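J.: For reference, this is query.cif, and it has mmCIF, C-alpha atoms and all ligand atoms.
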```cif
data_run
#
loop_
_atom_site.group_PDB
_atom_site.id
_atom_site.type_symbol
_atom_site.label_atom_id
_atom_site.label_comp_id
_atom_site.auth_asym_id
_atom_site.auth_seq_id
_atom_site.Cartn_x
_atom_site.Cartn_y
_atom_site.Cartn_z
ATOM 1 C CA MET A 1035 0.000 0.000 0.000
ATOM 2 C CA ALA A 1036 2.866 2.397 0.788
ATOM 3 C CA ARG A 1037 4.562 1.502 -2.490
ATOM 4 C CA ASP A 1038 1.405 2.168 -4.517
ATOM 5 C CA ARG A 1039 1.020 5.573 -2.902
ATOM 6 C CA LEU A 1040 4.664 6.431 -3.514
ATOM 7 C CA LEU A 1041 4.508 5.488 -7.166
ATOM 8 C CA GLY A 1042 1.558 7.838 -7.488
ATOM 9 C CA TYR A 1043 3.495 10.681 -5.867
ATOM 10 C CA SER A 1044 6.775 10.543 -7.696
ATOM 11 C CA GLN A 1045 8.245 9.487 -11.012
ATOM 12 C CA ASP A 1046 11.808 9.063 -9.785
ATOM 13 C CA LEU A 1047 11.323 6.286 -7.295
ATOM 14 C CA TYR A 1048 12.323 2.756 -8.125
ATOM 15 C CA VAL A 1049 10.958 -0.522 -6.863
ATOM 16 C CA GLU A 1050 13.649 -3.187 -6.681
ATOM 17 C CA ASN A 1051 12.954 -6.861 -6.243
ATOM 18 C CA ALA A 1052 13.747 -8.145 -2.801
ATOM 19 C CA ARG A 1053 15.629 -11.374 -2.202
ATOM 20 C CA SER A 1054 15.523 -13.972 0.507
ATOM 21 C CA ALA A 1055 18.140 -13.858 3.207
ATOM 22 C CA SER A 1056 20.326 -16.933 3.410
ATOM 23 C CA ARG A 1057 20.395 -19.080 6.518
ATOM 24 C CA ALA A 1058 23.935 -17.811 7.185
ATOM 25 C CA GLU A 1059 22.713 -14.219 7.043
ATOM 26 C CA ALA A 1060 19.890 -14.928 9.501
ATOM 27 C CA GLU A 1061 22.516 -16.477 11.777
ATOM 28 C CA LEU A 1062 24.381 -13.176 11.898
ATOM 29 C CA PHE A 1063 21.856 -12.420 14.646
ATOM 30 C CA HIS A 1064 19.684 -15.452 15.374
ATOM 31 C CA GLU A 1065 20.691 -18.630 17.190
ATOM 32 C CA PRO A 1066 20.759 -21.709 14.903
ATOM 33 C CA GLY A 1067 18.590 -23.689 17.352
ATOM 34 C CA TYR A 1068 15.874 -21.051 17.221
ATOM 35 C CA LEU A 1069 15.943 -20.946 13.410
ATOM 36 C CA ASP A 1070 15.554 -24.750 13.391
ATOM 37 C CA LEU A 1071 12.515 -24.421 15.620
ATOM 38 C CA VAL A 1072 10.930 -21.825 13.313
ATOM 39 C CA LYS A 1073 11.591 -24.137 10.377
ATOM 40 C CA ARG A 1074 9.871 -27.051 12.133
ATOM 41 C CA PHE A 1075 6.811 -24.980 13.052
ATOM 42 C CA SER A 1076 6.751 -23.533 9.555
ATOM 43 C CA ALA A 1077 6.325 -26.993 8.021
ATOM 44 C CA THR A 1078 3.138 -27.734 9.956
ATOM 45 C CA GLY A 1079 1.874 -24.158 10.295
ATOM 46 C CA ALA A 1080 0.577 -24.780 13.802
ATOM 47 C CA GLY A 1081 1.555 -23.652 17.268
ATOM 48 C CA LEU A 1082 2.947 -20.564 18.923
ATOM 49 C CA LEU A 1083 6.512 -19.321 18.507
ATOM 50 C CA ASP A 1084 6.469 -17.388 21.783
ATOM 51 C CA GLY A 1085 4.356 -17.052 24.905
ATOM 52 C CA GLY A 1086 1.228 -16.180 22.978
ATOM 53 C CA ASP A 1087 1.421 -13.294 20.508
ATOM 54 C CA THR A 1088 3.251 -14.876 17.632
ATOM 55 C CA PRO A 1089 1.580 -17.861 15.977
ATOM 56 C CA ALA A 1090 3.447 -19.925 13.408
ATOM 57 C CA PHE A 1091 1.925 -20.232 9.966
ATOM 58 C CA ARG A 1092 2.740 -22.523 7.080
ATOM 59 C CA GLY A 1093 5.779 -21.073 5.307
ATOM 60 C CA CYS A 1094 6.628 -18.623 8.106
ATOM 61 C CA TYR A 1095 10.311 -19.623 7.942
ATOM 62 C CA GLU A 1096 10.602 -18.722 4.261
ATOM 63 C CA ALA A 1097 8.428 -15.626 4.672
ATOM 64 C CA SER A 1098 10.636 -14.380 7.504
ATOM 65 C CA LEU A 1099 13.781 -14.934 5.433
ATOM 66 C CA SER A 1100 12.148 -12.839 2.690
ATOM 67 C CA VAL A 1101 11.514 -9.955 5.077
ATOM 68 C CA VAL A 1102 15.105 -10.106 6.304
ATOM 69 C CA GLY A 1103 16.341 -10.316 2.702
ATOM 70 C CA ALA A 1104 14.306 -7.272 1.688
ATOM 71 C CA THR A 1105 15.908 -5.166 4.410
ATOM 72 C CA LEU A 1106 19.372 -6.484 3.550
ATOM 73 C CA ARG A 1107 18.713 -5.612 -0.092
ATOM 74 C CA ALA A 1108 17.806 -2.034 0.898
ATOM 75 C CA VAL A 1109 21.099 -1.773 2.782
ATOM 76 C CA GLU A 1110 23.055 -3.283 -0.126
ATOM 77 C CA LEU A 1111 21.535 -0.870 -2.642
ATOM 78 C CA LEU A 1112 22.899 2.013 -0.598
ATOM 79 C CA LEU A 1113 26.294 0.405 -0.138
ATOM 80 C CA GLU A 1114 26.471 -0.206 -3.891
ATOM 81 C CA GLY A 1115 25.853 3.499 -4.331
ATOM 82 C CA LYS A 1116 22.947 2.792 -6.629
ATOM 83 C CA TYR A 1117 20.481 5.067 -4.832
ATOM 84 C CA ALA A 1118 20.570 7.942 -2.375
ATOM 85 C CA HIS A 1119 18.233 6.186 0.082
ATOM 86 C CA ALA A 1120 16.172 3.020 0.315
ATOM 87 C CA ALA A 1121 13.275 1.613 2.305
ATOM 88 C CA SER A 1122 11.986 -1.837 3.193
ATOM 89 C CA PHE A 1123 8.538 -1.331 4.642
ATOM 90 C CA ALA A 1124 7.879 -5.042 5.171
ATOM 91 C CA GLY A 1125 10.723 -4.952 7.681
ATOM 92 C CA GLY A 1126 10.998 -3.374 11.095
ATOM 93 C CA LEU A 1127 10.271 -6.564 13.046
ATOM 94 C CA HIS A 1128 12.065 -5.260 16.116
ATOM 95 C CA HIS A 1129 10.797 -7.535 18.913
ATOM 96 C CA ALA A 1130 12.359 -10.850 17.852
ATOM 97 C CA SER A 1131 15.406 -11.646 19.960
ATOM 98 C CA ARG A 1132 18.402 -13.830 19.136
ATOM 99 C CA GLY A 1133 16.665 -16.951 20.383
ATOM 100 C CA SER A 1134 12.945 -16.224 20.367
ATOM 101 C CA ALA A 1135 9.987 -14.753 18.534
ATOM 102 C CA SER A 1136 8.050 -11.969 20.223
ATOM 103 C CA GLY A 1137 5.272 -9.508 19.496
ATOM 104 C CA PHE A 1138 4.379 -10.648 15.929
ATOM 105 C CA CYS A 1139 8.078 -10.724 14.997
ATOM 106 C CA ILE A 1140 9.710 -14.015 13.993
ATOM 107 C CA MET A 1141 13.055 -12.847 12.592
ATOM 108 C CA ASN A 1142 14.525 -9.447 13.366
ATOM 109 C CA ASP A 1143 15.470 -7.934 10.004
ATOM 110 C CA CYS A 1144 16.715 -4.720 11.659
ATOM 111 C CA ALA A 1145 19.076 -6.662 13.901
ATOM 112 C CA VAL A 1146 20.382 -8.855 11.077
ATOM 113 C CA ALA A 1147 21.040 -5.731 8.988
ATOM 114 C CA LEU A 1148 22.843 -4.066 11.908
ATOM 115 C CA ALA A 1149 24.946 -7.176 12.482
ATOM 116 C CA LEU A 1150 25.900 -7.156 8.804
ATOM 117 C CA LEU A 1151 26.719 -3.432 8.887
ATOM 118 C CA ARG A 1152 28.871 -3.919 11.967
ATOM 119 C CA LYS A 1153 31.201 -6.025 9.832
ATOM 120 C CA LEU A 1154 31.728 -2.993 7.594
ATOM 121 C CA PHE A 1155 31.526 -0.047 9.972
ATOM 122 C CA SER A 1156 32.719 0.578 13.488
ATOM 123 C CA LYS A 1157 29.607 2.521 14.428
ATOM 124 C CA VAL A 1158 26.039 2.294 13.126
ATOM 125 C CA ALA A 1159 22.824 3.782 14.457
ATOM 126 C CA TYR A 1160 19.361 2.361 14.927
ATOM 127 C CA VAL A 1161 16.483 4.791 15.464
ATOM 128 C CA ASP A 1162 13.164 3.231 16.509
ATOM 129 C CA LEU A 1163 9.990 5.334 16.227
ATOM 130 C CA ASP A 1164 7.501 2.522 16.895
ATOM 131 C CA ALA A 1165 5.061 3.034 19.786
ATOM 132 C CA HIS A 1166 6.472 -0.166 21.302
ATOM 133 C CA HIS A 1167 10.016 -0.410 22.635
ATOM 134 C CA GLY A 1168 12.368 -2.139 20.167
ATOM 135 C CA ASP A 1169 13.563 -4.606 22.776
ATOM 136 C CA GLY A 1170 14.851 -7.289 20.374
ATOM 137 C CA VAL A 1171 17.261 -4.847 18.757
ATOM 138 C CA MET A 1172 18.284 -2.947 21.882
ATOM 139 C CA TYR A 1173 19.032 -5.987 24.027
ATOM 140 C CA GLY A 1174 20.552 -7.787 21.040
ATOM 141 C CA PHE A 1175 23.276 -5.129 20.996
ATOM 142 C CA TYR A 1176 23.093 -3.941 24.600
ATOM 143 C CA SER A 1177 26.793 -4.427 25.240
ATOM 144 C CA ASP A 1178 27.964 -3.442 21.735
ATOM 145 C CA PRO A 1179 29.215 0.163 21.717
ATOM 146 C CA GLY A 1180 29.206 0.055 17.910
ATOM 147 C CA VAL A 1181 25.404 0.002 17.723
ATOM 148 C CA VAL A 1182 23.974 3.305 18.870
ATOM 149 C CA CYS A 1183 20.236 3.084 19.578
ATOM 150 C CA VAL A 1184 17.624 5.788 19.980
ATOM 151 C CA ASP A 1185 14.198 4.456 20.870
ATOM 152 C CA VAL A 1186 11.155 6.722 21.257
ATOM 153 C CA HIS A 1187 8.152 4.797 22.501
ATOM 154 C CA GLN A 1188 5.126 4.785 24.752
ATOM 155 C CA ASP A 1189 6.193 4.289 28.376
ATOM 156 C CA GLY A 1190 6.686 0.572 29.037
ATOM 157 C CA LYS A 1191 4.652 0.824 32.219
ATOM 158 C CA THR A 1192 1.628 1.301 29.962
ATOM 159 C CA LEU A 1193 2.400 -0.823 26.890
ATOM 160 C CA PHE A 1194 3.988 -4.059 25.603
ATOM 161 C CA PRO A 1195 6.801 -5.108 25.969
ATOM 162 C CA GLY A 1196 7.190 -3.164 29.220
ATOM 163 C CA THR A 1197 10.842 -2.272 28.720
ATOM 164 C CA GLY A 1198 12.711 0.849 27.574
ATOM 165 C CA SER A 1199 13.114 2.879 30.741
ATOM 166 C CA HIS A 1200 15.270 5.992 30.394
ATOM 167 C CA LEU A 1201 17.702 4.348 32.829
ATOM 168 C CA GLU A 1202 18.541 1.609 30.312
ATOM 169 C CA ALA A 1203 21.556 3.069 28.531
ATOM 170 C CA GLY A 1204 23.655 0.038 27.530
ATOM 171 C CA SER A 1205 26.074 -2.095 29.517
ATOM 172 C CA GLY A 1206 29.831 -2.367 29.981
ATOM 173 C CA GLU A 1207 31.752 -0.354 27.420
ATOM 174 C CA ALA A 1208 28.442 0.288 25.633
ATOM 175 C CA LYS A 1209 27.103 2.287 28.551
ATOM 176 C CA GLY A 1210 25.666 5.509 27.188
ATOM 177 C CA THR A 1211 25.223 4.230 23.622
ATOM 178 C CA LYS A 1212 21.508 3.463 24.034
ATOM 179 C CA LEU A 1213 18.972 6.241 24.524
ATOM 180 C CA ASN A 1214 15.398 5.443 25.517
ATOM 181 C CA ILE A 1215 12.785 8.186 25.386
ATOM 182 C CA PRO A 1216 9.646 6.733 27.013
ATOM 183 C CA LEU A 1217 6.636 8.993 26.402
ATOM 184 C CA PRO A 1218 3.473 9.187 28.463
ATOM 185 C CA PRO A 1219 0.292 7.893 26.781
ATOM 186 C CA GLY A 1220 -1.470 10.716 24.956
ATOM 187 C CA SER A 1221 1.802 12.348 23.863
ATOM 188 C CA ALA A 1222 1.192 14.321 20.680
ATOM 189 C CA ASP A 1223 3.408 15.785 17.930
ATOM 190 C CA ASP A 1224 4.620 18.655 20.118
ATOM 191 C CA VAL A 1225 6.173 16.228 22.638
ATOM 192 C CA PHE A 1226 7.436 13.815 19.964
ATOM 193 C CA VAL A 1227 9.153 16.506 17.899
ATOM 194 C CA SER A 1228 10.585 18.545 20.768
ATOM 195 C CA LEU A 1229 12.012 15.610 22.717
ATOM 196 C CA PHE A 1230 13.469 14.135 19.542
ATOM 197 C CA SER A 1231 15.119 17.393 18.558
ATOM 198 C CA GLU A 1232 16.440 18.171 22.046
ATOM 199 C CA LEU A 1233 17.623 14.678 23.006
ATOM 200 C CA ALA A 1234 17.939 12.377 20.009
ATOM 201 C CA VAL A 1235 19.454 14.870 17.567
ATOM 202 C CA PRO A 1236 22.449 15.933 19.734
ATOM 203 C CA PHE A 1237 22.895 12.302 20.831
ATOM 204 C CA LEU A 1238 23.158 11.111 17.216
ATOM 205 C CA GLU A 1239 25.348 14.046 16.225
ATOM 206 C CA GLU A 1240 27.789 13.251 18.976
ATOM 207 C CA ALA A 1241 27.796 9.527 18.221
ATOM 208 C CA LYS A 1242 28.632 10.101 14.523
ATOM 209 C CA PRO A 1243 27.391 6.764 13.174
ATOM 210 C CA GLU A 1244 28.415 5.736 9.666
ATOM 211 C CA PHE A 1245 25.031 4.289 8.696
ATOM 212 C CA ILE A 1246 21.520 4.863 10.058
ATOM 213 C CA ILE A 1247 18.534 2.516 10.021
ATOM 214 C CA VAL A 1248 15.193 3.989 11.091
ATOM 215 C CA GLN A 1249 12.373 1.717 12.209
ATOM 216 C CA CYS A 1250 9.269 3.670 11.219
ATOM 217 C CA GLY A 1251 6.570 1.887 13.236
ATOM 218 C CA ALA A 1252 3.449 3.991 12.657
ATOM 219 C CA ASP A 1253 1.475 2.712 15.633
ATOM 220 C CA GLY A 1254 2.171 5.997 17.431
ATOM 221 C CA LEU A 1255 -0.496 7.567 15.201
ATOM 222 C CA LYS A 1256 -3.549 8.776 17.064
ATOM 223 C CA GLY A 1257 -6.304 6.197 16.955
ATOM 224 C CA ASP A 1258 -4.020 3.174 16.545
ATOM 225 C CA PRO A 1259 -5.942 0.206 17.967
ATOM 226 C CA LEU A 1260 -2.960 -1.178 19.930
ATOM 227 C CA ALA A 1261 -1.148 1.862 21.289
ATOM 228 C CA GLY A 1262 -2.098 5.071 23.080
ATOM 229 C CA LEU A 1263 0.049 7.834 21.590
ATOM 230 C CA SER A 1264 -1.456 10.778 19.697
ATOM 231 C CA PHE A 1265 1.008 11.553 16.921
ATOM 232 C CA THR A 1266 -0.106 12.573 13.455
ATOM 233 C CA GLN A 1267 1.758 12.115 10.210
ATOM 234 C CA HIS A 1268 3.088 15.634 10.775
ATOM 235 C CA GLY A 1269 5.148 14.515 13.797
ATOM 236 C CA TYR A 1270 6.602 11.514 11.992
ATOM 237 C CA LEU A 1271 7.557 13.602 8.962
ATOM 238 C CA LYS A 1272 9.263 16.228 11.118
ATOM 239 C CA VAL A 1273 11.306 13.555 12.890
ATOM 240 C CA ILE A 1274 12.285 11.894 9.605
ATOM 241 C CA GLU A 1275 13.290 15.313 8.281
ATOM 242 C CA MET A 1276 15.676 15.698 11.234
ATOM 243 C CA VAL A 1277 17.207 12.234 10.816
ATOM 244 C CA HIS A 1278 17.539 12.760 7.063
ATOM 245 C CA GLU A 1279 19.374 16.020 7.636
ATOM 246 C CA ILE A 1280 21.720 14.386 10.182
ATOM 247 C CA SER A 1281 22.421 11.497 7.809
ATOM 248 C CA HIS A 1282 23.675 13.864 5.130
ATOM 249 C CA ARG A 1283 25.686 15.880 7.606
ATOM 250 C CA ILE A 1284 27.456 12.977 9.290
ATOM 251 C CA CYS A 1285 27.280 9.814 7.188
ATOM 252 C CA GLY A 1286 26.958 10.734 3.558
ATOM 253 C CA GLY A 1287 23.187 10.200 3.580
ATOM 254 C CA ARG A 1288 23.509 6.493 4.347
ATOM 255 C CA LEU A 1289 19.952 6.129 5.655
ATOM 256 C CA VAL A 1290 17.551 3.200 5.262
ATOM 257 C CA LEU A 1291 13.947 3.195 6.445
ATOM 258 C CA VAL A 1292 12.144 0.048 7.520
ATOM 259 C CA GLY A 1293 8.504 -0.369 8.548
ATOM 260 C CA GLY A 1294 7.231 -1.746 11.820
ATOM 261 C CA GLY A 1295 3.911 -1.624 13.657
ATOM 262 C CA GLY A 1296 0.871 0.349 12.538
ATOM 263 C CA TYR A 1297 -2.469 -1.342 13.084
ATOM 264 C CA ASN A 1298 -4.519 1.077 11.069
ATOM 265 C CA PRO A 1299 -3.123 -0.054 7.700
ATOM 266 C CA GLU A 1300 -4.322 2.923 5.618
ATOM 267 C CA ALA A 1301 -2.811 5.409 8.048
ATOM 268 C CA ALA A 1302 0.462 3.471 8.309
ATOM 269 C CA ALA A 1303 0.846 3.264 4.516
ATOM 270 C CA GLU A 1304 0.136 6.975 4.131
ATOM 271 C CA CYS A 1305 2.635 7.804 6.861
ATOM 272 C CA TRP A 1306 5.386 5.633 5.348
ATOM 273 C CA ALA A 1307 4.842 7.052 1.880
ATOM 274 C CA GLY A 1308 5.067 10.580 3.322
ATOM 275 C CA GLU A 1309 8.236 9.711 5.245
ATOM 276 C CA TYR A 1310 9.911 8.342 2.158
ATOM 277 C CA MET A 1311 8.956 11.468 0.211
ATOM 278 C CA VAL A 1312 10.743 13.543 2.854
ATOM 279 C CA LEU A 1313 13.964 11.796 1.790
ATOM 280 C CA SER A 1314 13.420 12.892 -1.784
ATOM 281 C CA GLY A 1315 13.742 16.475 -0.571
ATOM 282 C CA ARG A 1316 10.255 17.474 -1.625
ATOM 283 C CA ALA A 1317 7.858 19.192 0.703
ATOM 284 C CA PRO A 1318 6.044 16.393 2.501
ATOM 285 C CA MET A 1319 2.443 16.074 1.444
ATOM 286 C CA CYS A 1320 1.181 16.183 4.941
ATOM 287 C CA ALA A 1321 -2.548 16.319 5.345
ATOM 288 C CA SER A 1322 -2.521 16.735 9.096
ATOM 289 C CA ASN A 1323 -1.929 19.705 11.372
ATOM 290 C CA PRO A 1324 0.406 19.076 14.296
ATOM 291 C CA SER A 1325 -1.394 17.584 17.294
ATOM 292 C CA THR A 1326 -0.940 19.091 20.762
ATOM 293 C CA SER A 1327 -0.619 17.330 24.096
ATOM 294 C CA LEU A 1328 -2.876 17.978 27.077
ATOM 295 C CA PRO A 1329 -1.216 19.966 29.895
ATOM 296 C CA SER A 1330 -1.087 16.888 32.149
ATOM 297 C CA VAL A 1331 0.733 14.922 29.416
ATOM 298 C CA MET A 1332 3.057 17.853 28.808
ATOM 299 C CA ARG A 1333 4.035 17.881 32.477
ATOM 300 C CA LYS A 1334 4.840 14.159 32.441
ATOM 301 C CA ALA A 1335 6.881 14.571 29.238
ATOM 302 C CA GLU A 1336 8.746 17.445 30.878
ATOM 303 C CA SER A 1337 9.790 15.158 33.716
ATOM 304 C CA VAL A 1338 10.991 12.510 31.227
ATOM 305 C CA ARG A 1339 13.112 15.163 29.548
ATOM 306 C CA SER A 1340 14.679 16.268 32.852
ATOM 307 C CA ALA A 1341 15.193 12.685 34.014
ATOM 308 C CA ILE A 1342 17.115 11.878 30.823
ATOM 309 C CA ARG A 1343 19.179 15.054 31.075
ATOM 310 C CA GLU A 1344 20.053 14.236 34.682
ATOM 311 C CA SER A 1345 20.698 10.507 34.438
ATOM 312 C CA HIS A 1346 21.795 9.562 30.910
ATOM 313 C CA PRO A 1347 25.586 9.291 30.579
ATOM 314 C CA SER A 1348 25.652 11.313 27.367
ATOM 315 C CA PHE A 1349 23.814 14.272 28.890
ATOM 316 C CA SER A 1350 24.817 14.236 32.520
ATOM 317 C CA GLY A 1351 28.510 14.373 31.597
HETATM 318 ZN ZN ZN A 1401 4.637 -1.393 17.649
HETATM 319 ZN ZN ZN A 1402 18.733 12.567 1.157
#
```
Mind converting the file's structure to C-alpha cells?
T.:
Amino acid sequence: MARDRLLGYSQDLYVENARSASRAEAELFHEPGYLDLVKRFSATGAGLLDGGDTPAFRGCYEASLSVVGATLRAVELLLEGKYAHAASFAGGLHHASRGSASGFCIMNDCAVALALLRKLFSKVAYVDLDAHHGDGVMYGFYSDPGVVCVDVHQDGKTLFPGTGSHLEAGSGEAKGTKLNIPLPPGSADDVFVSLFSELAVPFLEEAKPEFIIVQCGADGLKGDPLAGLSFTQHGYLKVIEMVHEISHRICGGRLVLVGGGGYNPEAAAECWAGEYMVLSGRAPMCASNPSTSLPSVMRKAESVRSAIRESHPSFSG
C-alpha cells in the first residue's frame, strides 16, 4: 500500500525486487537452534513461537527470510551506491530476539542488517519510532558500543513489551550508547518533535554513526488500535526530516527506512509514503496539522526530559 502511494506521488522512485536472506545471514543475529525451531513450526503451520502473541503459519520460515532479505537488499543498494536512500517497509520486526519470537516478529530484520553493517563499519545507528520499545534490537546489541540506539516509545509501564526505561543506557563499554525516550500515553506531535530534537538529535550528532537505520513503526499515530500515543503524520515527517538532515551531515546520507507496527493499515501506509517522500527532498504532502498534548501529558513529558538530562551518561557528563 505504501509503495502504490509512492509510485503515485513521484516518477523518480524505483521498486527493486527483494531477495531472501540466506540461513547464514539470519545467523548473523539469530541462534541456529531457534531458526531450526521456526523451520519445524513452519512446516506444519501450527503452534505458537512465543508465549502467545506470535503464531506460526505454514511457510513462516521462508516468509521471515524474505523480510530479512528485503531489508538487507535495501542496505546493499545504498552500499552499492545505486540510490541515495532506500526503504523496506515489510521490515521493522524489532521484537524478535536472538533466540525467540516476540510480538508478531519471527526474525529481526533490523538486527540482522545491523549485524551485517557492523562487519563494515565501526559505528552504526538504529532509530526506533515505533510506539512499542524495540527490545529485540536494543538488548541484542546492549553491550555493543558500535550500535547506537535511539528508541522513542510509549512508556513501558503502559504498553507491551514493558521495557525501555530511560535508565537503560547500555552495559559495559556500551554504557551511554543506548537512549530510551519513554513517552506518556497521549503524547502528541509537540512532545514527539521537541524531545526528539532536544535529546535524540544531539545524541546522534555526537555519536557520529556511519550508517543509520530507522524503524518507522506507525502505531504511534492517534487512533491506533494497539497503542495510546497521539502523533499525526506531521510529527513523523518532522522527525524523519531531522534524521535525514543528520544522515547527510554525518554519514553521507547512508539512511535506510524500515517499517514496523501500525495497526490502522491505511494510516500506516500513508505515513510511510510521506516519510519516504521527505527523503526525496520534496515538501512532505502532509494532510494533518500538528497535534498538541494535554497539559497533564506535557508535564509528564517534561519530567521525562529532565530525568534523561540528569541521568543519561551522554547528557549528565
Ligand atoms: Zn509497535
Ligand atoms: Zn537525502
J.: Name all residues at most 10 Å from Met1035 (chain A) (count all atoms listed in the file; drop same-chain ones fewer than 5 positions away) and give them as a list in words.
T.: Leu1040, Phe1123, Pro1299, Glu1300, Ala1302, Ala1303, Glu1304, Trp1306 and Ala1307 of chain A
J.: Report the distance between CA of Val1292 (chain A) and CA of Val1312 (chain A) in Å, rounded to one decimal place.
T.: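 Calculated distance between CA of Val1292 (chain A) and CA of Val1312 (chain A) is 14.3 Å.
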J.: Let me make sure I understand: among A:Thr1326, A:Ser1314, A:Thr1197, A:Ser1264, which one has the smallest atom-to-atom distance to ligand ZN 1402 (chain A) if we use all atoms listed in the file?
T.: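 With all atoms listed in the file as the atom set, the closest residue is A:Ser1314.
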J.: What is the CA of Ile1247 (chain A)-CA of Lys1116 (chain A) distance in Å, reported with one decimal?
T.: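 Going from CA of Ile1247 (chain A) over to CA of Lys1116 (chain A), I get 17.2 Å.
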J.: Mind checking which residues fall within 8 Å of region 1076-1086 of chain A, counting only C-alpha atoms, ignoring those fewer than 3 positions away in the same chain, and posting them as a list in words?
T.: Val1072, Lys1073, Pro1089, Ala1090, Phe1091, Arg1092, Gly1093, Cys1094, Tyr1095, Ser1134, Ala1135, Ser1136 and Ile1140 of chain A
J.: For ligand ZN 1402 (chain A), which residue among A:Leu1111, A:Leu1217, A:Val1331, A:Ile1274 is the nearest when counting only C-alpha atoms and all ligand atoms?
T.: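 Counting only C-alpha atoms and all ligand atoms, the residue closest to ligand ZN 1402 (chain A) is A:Ile1274.
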J.: Please, what distance in Å, to one decimal, runs between CA of Ala1060 (chain A) and CA of Met1172 (chain A)?
T.: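 For CA of Ala1060 (chain A) relative to CA of Met1172 (chain A), the distance reads 17.3 Å.
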J.: Report as a count of residues only which protein, DNA and RNA residues come within 12 Å of ligand ZN 1402 (chain A), using all atoms listed in the file.
T.: 31
J.: Could you work out an axis-aligned box for region 1132-1139 of chain A, taking every atom the file lists and adding 4 Å on each side, and report centre and edge lengths in Å to one decimal, as AutoDock Vina command-line options?
T.:
```
--center_x 11.4 --center_y -13.2 --center_z 17.7 --size_x 22.0 --size_y 15.4 --size_z 13.4
```
J.: Please write the residues picked by the PyMOL selection byres (((chain A and resi 1064) around 10) and not hetatm) on this file as a count of residues only.
T.: 22
J.: List as a list in words the protein and nucleic acid residues lying within 8 Å of ligand ZN 1401 (chain A), with only C-alpha atoms and all ligand atoms counted.
T.: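 Answer in the requested format: Asp1164, Ala1165, His1166, His1167, Gly1251, Ala1252, Asp1253, Gly1254, Leu1260, Ala1261, Gly1294, Gly1295 and Gly1296 of chain A.
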J.: What's the 9 Å shell around Ser1177 (chain A), counting all atoms listed in the file, without same-chain residues fewer than 4 positions away, as a VMD selection string?
T.: chain A and resid 1173 1181 1204 to 1209 1211
J.: Have a look at A:Ala1108, A:Ile1342, A:Ala1222, A:Ala1159 and name the one nearest to Val1049 (chain A); count all atoms listed in the file.
T.: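 Of the candidates, the smallest distance to Val1049 (chain A) is held by A:Ala1108.
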J.: Calculated over all atoms listed in the file, which of the candidates A:Tyr1176, A:Phe1230, A:Phe1245, A:Phe1265 has the smallest distance to Leu1150 (chain A)?
T.: A:Phe1245
